[in-house]
$ cat run.csv   # CSV, C-alpha atoms
chain,number,residue,atom,x,y,z
A,1,MET,CA,25.6,-10.4,23.2
A,2,ASP,CA,24.8,-6.6,23.3
A,3,ASN,CA,21.3,-6.3,24.7
A,4,LEU,CA,20.8,-2.8,23.5
A,5,LYS,CA,21.5,-3.7,19.9
A,6,GLU,CA,19.2,-6.7,20.0
A,7,GLU,CA,16.5,-4.6,21.6
A,8,LEU,CA,16.9,-2.0,19.0
A,9,LYS,CA,16.6,-4.5,16.2
A,10,LYS,CA,13.4,-5.9,17.7
A,11,HIS,CA,11.9,-2.4,18.1
A,12,ILE,CA,12.8,-1.5,14.5
A,13,ILE,CA,11.3,-4.7,13.1
A,14,GLU,CA,8.1,-4.1,15.1
A,15,GLN,CA,7.7,-0.3,14.6
A,16,LEU,CA,8.6,-0.4,10.9
A,17,ASN,CA,6.6,-3.5,10.1
A,18,LEU,CA,9.5,-5.3,8.6
A,19,GLU,CA,7.5,-8.5,8.3
A,20,ASP,CA,10.1,-10.6,6.5
A,21,VAL,CA,13.1,-9.5,8.6
A,22,ARG,CA,14.3,-11.3,11.7
A,23,VAL,CA,16.7,-10.0,14.4
A,24,GLU,CA,19.4,-12.3,13.2
A,25,ASP,CA,19.1,-11.0,9.6
A,26,ILE,CA,20.3,-7.5,10.7
A,27,ALA,CA,24.1,-7.1,11.2
A,28,ASP,CA,25.2,-4.4,13.6
A,29,SER,CA,27.0,-2.7,10.8
A,30,ASP,CA,24.3,-3.0,8.1
A,31,LEU,CA,23.5,0.4,6.5
A,32,LEU,CA,19.9,1.1,7.5
A,33,PHE,CA,19.1,3.4,4.6
A,34,ASP,CA,20.9,1.6,1.9
A,35,GLN,CA,19.5,-1.1,-0.4
A,36,SER,CA,22.4,-3.3,0.6
A,37,GLY,CA,21.1,-3.1,4.2
A,38,LEU,CA,17.5,-2.6,5.3
A,39,GLY,CA,16.5,-0.1,2.5
A,40,LEU,CA,14.6,2.2,4.9
A,41,ASP,CA,13.1,5.4,3.5
A,42,SER,CA,12.4,8.9,4.8
A,43,ILE,CA,9.1,7.9,6.6
A,44,ASP,CA,11.1,5.2,8.3
A,45,ALA,CA,13.6,7.9,9.5
A,46,LEU,CA,10.7,9.7,11.1
A,47,GLU,CA,9.6,6.5,12.8
A,48,LEU,CA,13.1,6.0,14.1
A,49,ILE,CA,13.0,9.4,15.7
A,50,VAL,CA,9.7,8.5,17.3
A,51,LEU,CA,11.1,5.2,18.4
A,52,LEU,CA,14.1,6.9,20.2
A,53,GLU,CA,11.7,9.1,22.1
A,54,LYS,CA,9.2,6.5,22.9
A,55,PHE,CA,11.5,3.8,24.2
A,56,TYR,CA,14.6,5.7,25.3
A,57,GLY,CA,13.3,9.2,26.1
A,58,ILE,CA,15.7,10.7,23.6
A,59,GLN,CA,14.7,13.6,21.4
A,60,VAL,CA,16.6,14.1,18.2
A,61,THR,CA,16.6,17.8,17.7
A,62,LYS,CA,19.6,18.3,15.4
A,63,PRO,CA,19.2,16.8,11.9
A,64,GLU,CA,22.9,16.3,11.5
A,65,GLU,CA,23.0,14.1,14.6
A,66,GLY,CA,20.2,11.9,13.3
A,67,LYS,CA,22.0,11.4,10.0
A,68,GLU,CA,25.0,9.9,11.7
A,69,ALA,CA,23.1,8.1,14.5
A,70,PHE,CA,20.8,6.3,12.0
A,71,ARG,CA,23.5,4.9,9.8
A,72,SER,CA,23.4,1.4,11.5
A,73,ILE,CA,22.4,-0.4,14.6
A,74,GLU,CA,26.0,0.1,15.8
A,75,THR,CA,25.8,3.9,15.5
A,76,MET,CA,22.2,4.0,17.0
A,77,ALA,CA,23.4,2.1,20.0
A,78,GLN,CA,26.4,4.4,20.4
A,79,TYR,CA,24.1,7.5,20.1
A,80,ILE,CA,21.7,6.2,22.7
A,81,ARG,CA,24.6,5.4,25.2
A,82,LYS,CA,26.1,8.8,24.5
A,83,ARG,CA,22.9,10.7,25.1
A,84,LYS,CA,22.0,8.6,28.2
A,85,THR,CA,25.4,9.3,29.8
A,86,ALA,CA,25.1,13.0,29.0
A,87,VAL,CA,22.0,13.4,31.1
B,1,MET,CA,-13.7,2.3,-28.6
B,2,SER,CA,-12.7,1.0,-25.2
B,3,PHE,CA,-13.2,-2.3,-23.5
B,4,ILE,CA,-13.2,-3.8,-20.0
B,5,THR,CA,-10.5,-6.4,-20.5
B,6,THR,CA,-9.9,-7.7,-16.9
B,7,TYR,CA,-11.7,-7.3,-13.6
B,8,CYS,CA,-10.9,-8.3,-10.1
B,9,HIS,CA,-13.3,-8.4,-7.1
B,10,ILE,CA,-12.0,-8.8,-3.5
B,11,THR,CA,-14.5,-9.3,-0.8
B,12,ASP,CA,-14.1,-10.2,2.9
B,13,ARG,CA,-13.5,-13.8,2.2
B,14,ASN,CA,-12.9,-14.3,-1.5
B,15,CYS,CA,-11.0,-13.0,-4.5
B,16,TYR,CA,-12.3,-13.3,-8.0
B,17,LEU,CA,-10.6,-12.6,-11.3
B,18,ASN,CA,-12.8,-12.2,-14.3
B,19,GLY,CA,-15.6,-13.7,-12.3
B,20,LYS,CA,-13.7,-16.8,-11.4
B,21,LEU,CA,-12.8,-17.6,-7.8
B,22,VAL,CA,-9.0,-17.5,-7.3
B,23,ALA,CA,-8.5,-17.4,-3.6
B,24,SER,CA,-10.5,-17.8,-0.4
B,25,PHE,CA,-9.9,-16.7,3.2
B,26,ASP,CA,-8.2,-19.4,5.3
B,27,PRO,CA,-9.6,-19.2,8.8
B,28,GLY,CA,-6.8,-21.5,10.1
B,29,SER,CA,-4.1,-19.0,9.1
B,30,SER,CA,-2.7,-16.4,11.5
B,31,ASP,CA,-2.3,-14.0,8.7
B,32,SER,CA,-4.9,-11.3,7.9
B,33,TRP,CA,-7.0,-11.8,4.8
B,34,LEU,CA,-5.0,-9.3,2.8
B,35,LYS,CA,-1.7,-10.7,3.9
B,36,GLN,CA,-3.0,-14.2,2.8
B,37,LEU,CA,-3.7,-12.7,-0.6
B,38,TYR,CA,-0.3,-11.1,-0.8
B,39,LYS,CA,1.4,-14.4,-0.1
B,40,PHE,CA,-1.0,-16.2,-2.6
B,41,ASN,CA,0.1,-13.8,-5.3
B,42,ASN,CA,3.7,-14.8,-4.8
B,43,VAL,CA,5.0,-11.2,-5.3
B,44,THR,CA,7.9,-9.9,-3.3
B,45,TYR,CA,7.2,-6.3,-2.4
B,46,PRO,CA,8.2,-5.7,1.3
B,47,LYS,CA,6.6,-2.2,1.2
B,48,PHE,CA,3.2,-4.0,1.2
B,49,TYR,CA,3.5,-4.6,4.9
B,50,LYS,CA,3.8,-0.9,5.6
B,51,MET,CA,0.8,0.1,3.6
B,52,ASP,CA,-2.6,0.8,5.2
B,53,THR,CA,-5.4,-1.6,4.3
B,54,LEU,CA,-6.8,0.6,1.6
B,55,SER,CA,-3.5,0.7,-0.2
B,56,GLN,CA,-2.9,-3.0,0.3
B,57,CYS,CA,-6.3,-3.8,-1.2
B,58,GLY,CA,-5.7,-1.5,-4.3
B,59,TYR,CA,-2.2,-2.9,-4.7
B,60,LEU,CA,-3.4,-6.5,-4.5
B,61,ALA,CA,-6.2,-5.9,-7.0
B,62,SER,CA,-3.8,-4.3,-9.4
B,63,GLU,CA,-1.3,-7.2,-9.0
B,64,PHE,CA,-4.0,-9.8,-9.7
B,65,ILE,CA,-5.0,-7.9,-12.9
B,66,LYS,CA,-1.4,-7.7,-13.9
B,67,ALA,CA,-0.8,-11.3,-13.2
B,68,SER,CA,-3.7,-12.3,-15.5
B,69,ASN,CA,-1.7,-11.1,-18.4
B,70,PRO,CA,1.9,-10.1,-17.5
B,71,ASP,CA,2.7,-8.7,-21.0
B,72,ARG,CA,-0.3,-6.5,-21.1
B,73,PHE,CA,1.1,-3.5,-19.2
B,74,THR,CA,4.6,-3.6,-20.7
B,75,SER,CA,3.1,-2.7,-24.1
B,76,TYR,CA,2.1,0.8,-22.7
B,77,ALA,CA,4.4,3.7,-22.1
B,78,ASP,CA,4.6,4.5,-18.4
B,79,ASP,CA,2.7,7.7,-18.8
B,80,ARG,CA,-0.2,6.2,-20.7
B,81,ILE,CA,-1.6,4.1,-17.9
B,82,ALA,CA,-4.1,6.1,-15.9
B,83,MET,CA,-5.8,5.3,-12.6
B,84,VAL,CA,-9.2,6.3,-11.3
B,85,PHE,CA,-10.4,5.0,-7.9
B,86,ALA,CA,-13.3,5.9,-5.6
B,87,ASN,CA,-14.8,4.8,-2.4
B,88,ARG,CA,-17.3,5.8,0.3
B,89,CYS,CA,-15.2,6.1,3.4
B,90,SER,CA,-12.1,8.0,2.0
B,91,SER,CA,-9.2,7.1,4.3
B,92,ALA,CA,-11.3,7.0,7.5
B,93,GLU,CA,-9.7,3.7,8.6
B,94,SER,CA,-6.2,5.3,8.7
B,95,ASP,CA,-7.5,8.6,10.0
B,96,ILE,CA,-8.9,6.8,13.0
B,97,ARG,CA,-5.7,4.8,13.6
B,98,PHE,CA,-3.6,7.9,13.3
B,99,GLN,CA,-5.9,9.8,15.7
B,100,ASN,CA,-5.6,6.9,18.2
B,101,SER,CA,-1.8,7.0,17.8
B,102,TYR,CA,-1.6,10.5,19.1
B,103,GLU,CA,-4.7,10.7,21.4
B,104,VAL,CA,-4.4,7.4,23.2
B,105,LEU,CA,-0.9,6.1,22.6
B,106,GLN,CA,0.6,9.6,22.8
B,107,THR,CA,3.1,8.8,20.0
B,108,PRO,CA,1.8,10.1,16.6
B,109,SER,CA,3.1,7.8,14.0
B,110,PRO,CA,4.5,9.3,10.8
B,111,ALA,CA,4.0,6.0,9.0
B,112,MET,CA,0.3,6.1,9.8
B,113,PHE,CA,0.0,9.8,9.0
B,114,VAL,CA,1.1,9.4,5.4
B,115,TYR,CA,-2.0,7.2,4.7
B,116,THR,CA,-4.5,9.8,5.9
B,117,LEU,CA,-5.4,10.6,2.3
B,118,PRO,CA,-7.3,8.2,0.1
B,119,ASN,CA,-5.3,8.9,-3.0
B,120,ILE,CA,-2.2,7.4,-1.4
B,121,VAL,CA,-3.3,4.1,-2.8
B,122,ILE,CA,-2.8,5.5,-6.3
B,123,GLY,CA,0.7,6.6,-5.3
B,124,GLU,CA,1.6,3.2,-4.0
B,125,ILE,CA,0.5,1.4,-7.2
B,126,ALA,CA,2.3,4.1,-9.3
B,127,ILE,CA,5.5,3.7,-7.3
B,128,ALA,CA,5.4,-0.1,-7.4
B,129,ASN,CA,5.0,0.0,-11.2
B,130,LYS,CA,6.8,3.2,-12.1
B,131,TRP,CA,3.6,4.5,-13.8
B,132,TYR,CA,3.3,8.3,-14.4
B,133,GLY,CA,-0.1,8.5,-16.0
B,134,GLU,CA,-3.1,10.6,-15.0
B,135,ASN,CA,-4.9,9.8,-11.8
B,136,MET,CA,-7.6,10.8,-9.5
B,137,PHE,CA,-9.5,9.5,-6.4
B,138,ALA,CA,-13.1,10.4,-5.7
B,139,VAL,CA,-15.2,9.9,-2.6
B,140,LEU,CA,-18.7,9.0,-3.7
B,141,PRO,CA,-21.8,7.8,-1.7
B,142,LYS,CA,-21.9,4.6,-3.7
B,143,PHE,CA,-20.4,2.8,-6.7
B,144,ALA,CA,-21.3,4.9,-9.8
B,145,PRO,CA,-20.6,3.1,-13.1
B,146,ASP,CA,-21.2,6.3,-15.1
B,147,PHE,CA,-18.5,8.1,-13.1
B,148,PHE,CA,-15.9,5.5,-14.1
B,149,ILE,CA,-17.0,5.1,-17.7
B,150,ASN,CA,-17.3,8.8,-18.4
B,151,TYR,CA,-14.0,9.7,-16.6
B,152,ALA,CA,-12.1,6.9,-18.4
B,153,GLU,CA,-13.4,8.3,-21.8
B,154,ILE,CA,-12.0,11.7,-20.9
B,155,LEU,CA,-8.7,10.1,-20.0
B,156,PHE,CA,-8.7,8.1,-23.3
B,157,SER,CA,-9.4,11.2,-25.3
B,158,SER,CA,-6.5,13.0,-23.7
B,159,GLY,CA,-3.8,10.4,-24.4
B,160,SER,CA,-4.2,7.6,-21.9
B,161,GLU,CA,-4.2,4.1,-23.4
B,162,ALA,CA,-5.2,2.0,-20.4
B,163,VAL,CA,-7.1,2.9,-17.3
B,164,LEU,CA,-7.1,1.0,-14.1
B,165,ALA,CA,-10.3,1.9,-12.3
B,166,GLY,CA,-12.4,0.8,-9.5
B,167,TRP,CA,-14.2,0.9,-6.1
B,168,LEU,CA,-12.1,0.4,-3.0
B,169,ASP,CA,-14.3,0.3,0.1
B,170,VAL,CA,-12.1,-0.9,2.9
B,171,THR,CA,-13.0,-0.6,6.6
B,172,GLU,CA,-11.9,-2.4,9.7
B,173,VAL,CA,-14.7,-5.0,9.3
B,174,LYS,CA,-15.3,-4.9,5.5
B,175,VAL,CA,-13.4,-5.3,2.3
B,176,ASN,CA,-15.1,-4.7,-1.0
B,177,ALA,CA,-12.9,-3.9,-3.9
B,178,PHE,CA,-13.9,-4.1,-7.6
B,179,VAL,CA,-11.2,-3.0,-10.0
B,180,ILE,CA,-11.3,-3.1,-13.8
B,181,LEU,CA,-8.8,-2.6,-16.5
B,182,LEU,CA,-10.1,-0.5,-19.4
B,183,GLU,CA,-8.2,-0.5,-22.7
B,184,LYS,CA,-8.7,0.9,-26.2
B,185,ASN,CA,-9.1,-1.2,-29.3
B,186,THR,CA,-8.3,-4.5,-27.7
B,187,GLY,CA,-11.5,-6.5,-27.6
B,188,GLY,CA,-13.4,-7.7,-24.5
B,189,ILE,CA,-16.5,-6.4,-22.8
B,190,LYS,CA,-17.5,-3.1,-24.4
B,191,SER,CA,-16.9,-0.3,-21.9
B,192,ASN,CA,-20.2,1.3,-21.2
B,193,ILE,CA,-22.5,2.0,-18.3
B,194,VAL,CA,-24.8,-1.0,-19.0
B,195,ASN,CA,-22.0,-3.6,-19.1
B,196,LEU,CA,-20.2,-2.2,-16.1
B,197,THR,CA,-23.5,-2.2,-14.1
B,198,GLU,CA,-24.1,-5.8,-15.1
B,199,LEU,CA,-20.6,-6.8,-14.0
B,200,ILE,CA,-21.1,-5.0,-10.7
B,201,GLU,CA,-24.5,-6.5,-10.1
B,202,GLU,CA,-23.2,-10.0,-10.8
B,203,ALA,CA,-20.2,-9.4,-8.5
B,204,PHE,CA,-22.1,-7.9,-5.6
B,205,THR,CA,-25.0,-10.3,-5.5
$ encode --input "run.csv" --output "structure tokens"
Amino acid sequence: MDNLKEELKKHIIEQLNLEDVRVEDIADSDLLFDQSGLGLDSIDALELIVLLEKFYGIQVTKPEEGKEAFRSIETMAQYIRKRKTAV
Amino acid sequence: MSFITTYCHITDRNCYLNGKLVASFDPGSSDSWLKQLYKFNNVTYPKFYKMDTLSQCGYLASEFIKASNPDRFTSYADDRIAMVFANRCSSAESDIRFQNSYEVLQTPSPAMFVYTLPNIVIGEIAIANKWYGENMFAVLPKFAPDFFINYAEILFSSGSEAVLAGWLDVTEVKVNAFVILLEKNTGGIKSNIVNLTELIEEAFT
């Protein structure tokens, strides 16, 4: 089990108040901003940016980076690892 | 001529529809009172959980009114249903929470920030129902029946066919929402200041 992905799912559920969603409901490849996935909106995107800074000390300064990073849990985890190793 | 056709009153512990008790706070539940009402209403709208308490309260009152006669709203064009709400505390509850998020927690929350205006409750109801009618939110020192009756008449005279209106006073410790549906030529309680005052006095005592 990938701890980072599980941790991310927990943070997202908590920070975004996804009351009816459980960690096991979110697949690593689910599209976060698609109705087939979590159906997040633009305000949620801002919350994800805050989440990355709050829990991982990562600032998303380039919009194009965020667009790719926030596609799924998989891409978020990859983005966090990439930014952490770049430090 | 317009009429008050449905009214919903939500207090700290009870919810009434047309004067009849429909739900009461369950002290044994781990859910908040408004969450209990959401589950009671049996509506699936996940965005409810993201709303502030003011929006949750307005949304719930509108859903109870809709549920009392599901066909009622579908007979109106989406731009003919207007909304007029008011309260005493504006969005103070969310303002304080947002202030706390950046002053104490050091992480300003965008999701809280979007609720730091009282009229967001109107947006939430409009989005949930895809209504595009006239709307306004007023901050008043107390419930003023003449404000709602007179403003509704202006809306009716300019093309609105139904007006969802009411008082939404929601703070951390108190919930007091009284929402009415006003319609033209339908029958019901005649829409005037005396009748609305009577309904309010009956509800608030």
$ residues_around --input "run.csv" --residues "Gly66 (chain A)" --least-positions-apart "2" --cutoff "12 Å" --atoms "all atoms listed in the file" --output "list in words"
Ser42, Ala45, Leu46, Glu47, Leu48, Ile49, Val50, Leu52, Ile58, Gln59, Val60, Thr61, Lys62, Pro63, Glu64, Glu68, Ala69, Phe70, Arg71, Ser72, Thr75, Met76, Tyr79 and Ile80 of chain A
$ atom_distance --input "run.csv" --atom1 "CA of Gly58 (chain B)" --atom2 "CA of Glu183 (chain B)"
18.6 Å
$ closest_residue --input "run.csv" --among "A:Asp44, A:Leu38, A:Leu32, A:Glu65" --to "Gln15 (chain A)" --atoms "only C-alpha atoms"
A:Asp44
$ closest_residue --input "run.csv" --among "B:Ser75, B:Thr205, B:Thr44, B:Ser68" --to "chain A" --atoms "all atoms listed in the file"
B:Thr44
$ closest_residue --input "run.csv" --among "B:Tyr115, B:Gln56, B:Ile65, B:Asp78" --to "Ile96 (chain B)" --atoms "all atoms listed in the file"
B:Tyr115
$ atom_distance --input "run.csv" --atom1 "CA of Ile43 (chain A)" --atom2 "CA of Gly123 (chain B)"
14.6 Å
$ interface_residues --input "run.csv" --of "chain B" --to "chain A" --cutoff "8 Å" --atoms "all atoms listed in the file" --output "VMD selection string"
chain B and resid 46 49 to 50 107 109 to 111
$ write_last_selection --input "run.csv" --atoms "C-alpha atoms" --output "compact mmCIF listing (two decimals), in the coordinates of the input"
# COMPACT_ATOMS: atom_id res chain seq x y z
CA PRO B 46 8.20 -5.70 1.30
CA TYR B 49 3.50 -4.60 4.90
CA LYS B 50 3.80 -0.90 5.60
CA THR B 107 3.10 8.80 20.00
CA SER B 109 3.10 7.80 14.00
CA PRO B 110 4.50 9.30 10.80
CA ALA B 111 4.00 6.00 9.00
$ atom_distance --input "run.csv" --atom1 "CA of Asp31 (chain B)" --atom2 "CA of Phe33 (chain A)"
27.9 Å
$ closest_residue --input "run.csv" --among "A:Asp28, A:Asp2, A:Asp41, A:Glu7" --to "Phe55 (chain A)" --atoms "all atoms listed in the file"
A:Glu7
$ residues_around --input "run.csv" --residues "Asp52 (chain B)" --least-positions-apart "3" --cutoff "9 Å" --atoms "only C-alpha atoms" --output "list in words"
Phe48, Tyr49, Ser55, Gln56, Cys57, Glu93, Ser94, Met112, Tyr115 and Val121 of chain B
$ residues_around --input "run.csv" --residues "Val23 (chain A)" --least-positions-apart "4" --cutoff "10 Å" --atoms "all atoms listed in the file" --output "list in words"
Lys5, Glu6, Glu7, Leu8, Lys9, Lys10, His11, Ile12, Ile13 and Ala27 of chain A
$ residues_around --input "run.csv" --residues "region 159-173 of chain B" --least-positions-apart "5" --cutoff "6 Å" --atoms "only C-alpha atoms" --output "compact mmCIF listing (two decimals) with C-alpha atoms, in the coordinates of the input"
# COMPACT_ATOMS: atom_id res chain seq x y z
CA LEU B 54 -6.80 0.60 1.60
CA ARG B 80 -0.20 6.20 -20.70
CA ILE B 81 -1.60 4.10 -17.90
CA ALA B 82 -4.10 6.10 -15.90
CA MET B 83 -5.80 5.30 -12.60
CA VAL B 84 -9.20 6.30 -11.30
CA PHE B 85 -10.40 5.00 -7.90
CA ALA B 86 -13.30 5.90 -5.60
CA ASN B 87 -14.80 4.80 -2.40
CA GLU B 93 -9.70 3.70 8.60
CA PHE B 178 -13.90 -4.10 -7.60
CA VAL B 179 -11.20 -3.00 -10.00
CA ILE B 180 -11.30 -3.10 -13.80
CA LEU B 181 -8.80 -2.60 -16.50
CA LEU B 182 -10.10 -0.50 -19.40
CA GLU B 183 -8.20 -0.50 -22.70
$ closest_residue --input "run.csv" --among "B:Phe156, B:Trp33, B:Tyr38, B:Tyr45" --to "Ala61 (chain B)" --atoms "only C-alpha atoms"
B:Tyr38
$ closest_residue --input "run.csv" --among "B:Phe73, B:Leu17, B:Thr53, B:Lys184" --to "Ser32 (chain B)" --atoms "only C-alpha atoms"
B:Thr53
$ residues_around --input "run.csv" --residues "Ala23 (chain B)" --least-positions-apart "5" --cutoff "9 Å" --atoms "all atoms listed in the file" --output "list in words"
Arg13, Asn14, Cys15, Tyr16, Leu37 and Phe40 of chain B
$ build_atoms --input "run.csv" --residues "region 32-58 of chain A" --atoms "N, CA and C atoms" --output "CSV table (one decimal), keeping the file's coordinate frame"
chain,number,residue,atom,x,y,z
A,32,LEU,N,21.3,1.1,7.4
A,32,LEU,CA,19.9,1.1,7.5
A,32,LEU,C,19.1,1.7,6.3
A,33,PHE,N,19.7,2.7,5.7
A,33,PHE,CA,19.1,3.4,4.6
A,33,PHE,C,19.7,3.1,3.2
A,34,ASP,N,20.3,2.0,3.1
A,34,ASP,CA,20.9,1.6,1.9
A,34,ASP,C,20.2,0.2,1.4
A,35,GLN,N,20.1,0.1,0.1
A,35,GLN,CA,19.5,-1.1,-0.4
A,35,GLN,C,20.3,-2.4,0.0
A,36,SER,N,21.6,-2.2,0.2
A,36,SER,CA,22.4,-3.3,0.6
A,36,SER,C,22.1,-3.7,2.1
A,37,GLY,N,21.4,-2.8,2.8
A,37,GLY,CA,21.1,-3.1,4.2
A,37,GLY,C,19.6,-3.3,4.3
A,38,LEU,N,18.9,-2.4,5.1
A,38,LEU,CA,17.5,-2.6,5.3
A,38,LEU,C,16.6,-1.8,4.3
A,39,GLY,N,17.3,-0.9,3.6
A,39,GLY,CA,16.5,-0.1,2.5
A,39,GLY,C,15.4,0.8,3.1
A,40,LEU,N,15.7,1.4,4.3
A,40,LEU,CA,14.6,2.2,4.9
A,40,LEU,C,14.5,3.5,4.1
A,41,ASP,N,13.3,4.2,4.3
A,41,ASP,CA,13.1,5.4,3.5
A,41,ASP,C,12.8,6.6,4.5
A,42,SER,N,12.5,7.7,3.9
A,42,SER,CA,12.4,8.9,4.8
A,42,SER,C,11.3,8.8,5.9
A,43,ILE,N,10.2,8.1,5.6
A,43,ILE,CA,9.1,7.9,6.6
A,43,ILE,C,9.7,7.1,7.7
A,44,ASP,N,10.5,6.1,7.3
A,44,ASP,CA,11.1,5.2,8.3
A,44,ASP,C,12.0,6.0,9.3
A,45,ALA,N,12.7,7.0,8.7
A,45,ALA,CA,13.6,7.9,9.5
A,45,ALA,C,12.8,8.6,10.5
A,46,LEU,N,11.6,9.1,10.2
A,46,LEU,CA,10.7,9.7,11.1
A,46,LEU,C,10.3,8.7,12.2
A,47,GLU,N,10.0,7.5,11.8
A,47,GLU,CA,9.6,6.5,12.8
A,47,GLU,C,10.7,6.2,13.7
A,48,LEU,N,12.0,6.2,13.2
A,48,LEU,CA,13.1,6.0,14.1
A,48,LEU,C,13.2,7.1,15.2
A,49,ILE,N,12.9,8.3,14.8
A,49,ILE,CA,13.0,9.4,15.7
A,49,ILE,C,11.9,9.2,16.8
A,50,VAL,N,10.7,8.8,16.4
A,50,VAL,CA,9.7,8.5,17.3
A,50,VAL,C,10.1,7.4,18.2
A,51,LEU,N,10.7,6.4,17.7
A,51,LEU,CA,11.1,5.2,18.4
A,51,LEU,C,12.1,5.6,19.5
A,52,LEU,N,13.1,6.4,19.2
A,52,LEU,CA,14.1,6.9,20.2
A,52,LEU,C,13.4,7.6,21.4
A,53,GLU,N,12.4,8.4,21.0
A,53,GLU,CA,11.7,9.1,22.1
A,53,GLU,C,10.8,8.2,22.9
A,54,LYS,N,10.1,7.3,22.2
A,54,LYS,CA,9.2,6.5,22.9
A,54,LYS,C,9.8,5.5,23.8
A,55,PHE,N,10.9,4.8,23.4
A,55,PHE,CA,11.5,3.8,24.2
A,55,PHE,C,12.7,4.2,25.0
A,56,TYR,N,13.4,5.3,24.6
A,56,TYR,CA,14.6,5.7,25.3
A,56,TYR,C,14.5,7.2,25.8
A,57,GLY,N,13.4,7.8,25.6
A,57,GLY,CA,13.3,9.2,26.1
A,57,GLY,C,14.2,10.2,25.5
A,58,ILE,N,14.7,9.9,24.2
A,58,ILE,CA,15.7,10.7,23.6
A,58,ILE,C,15.0,11.5,22.5
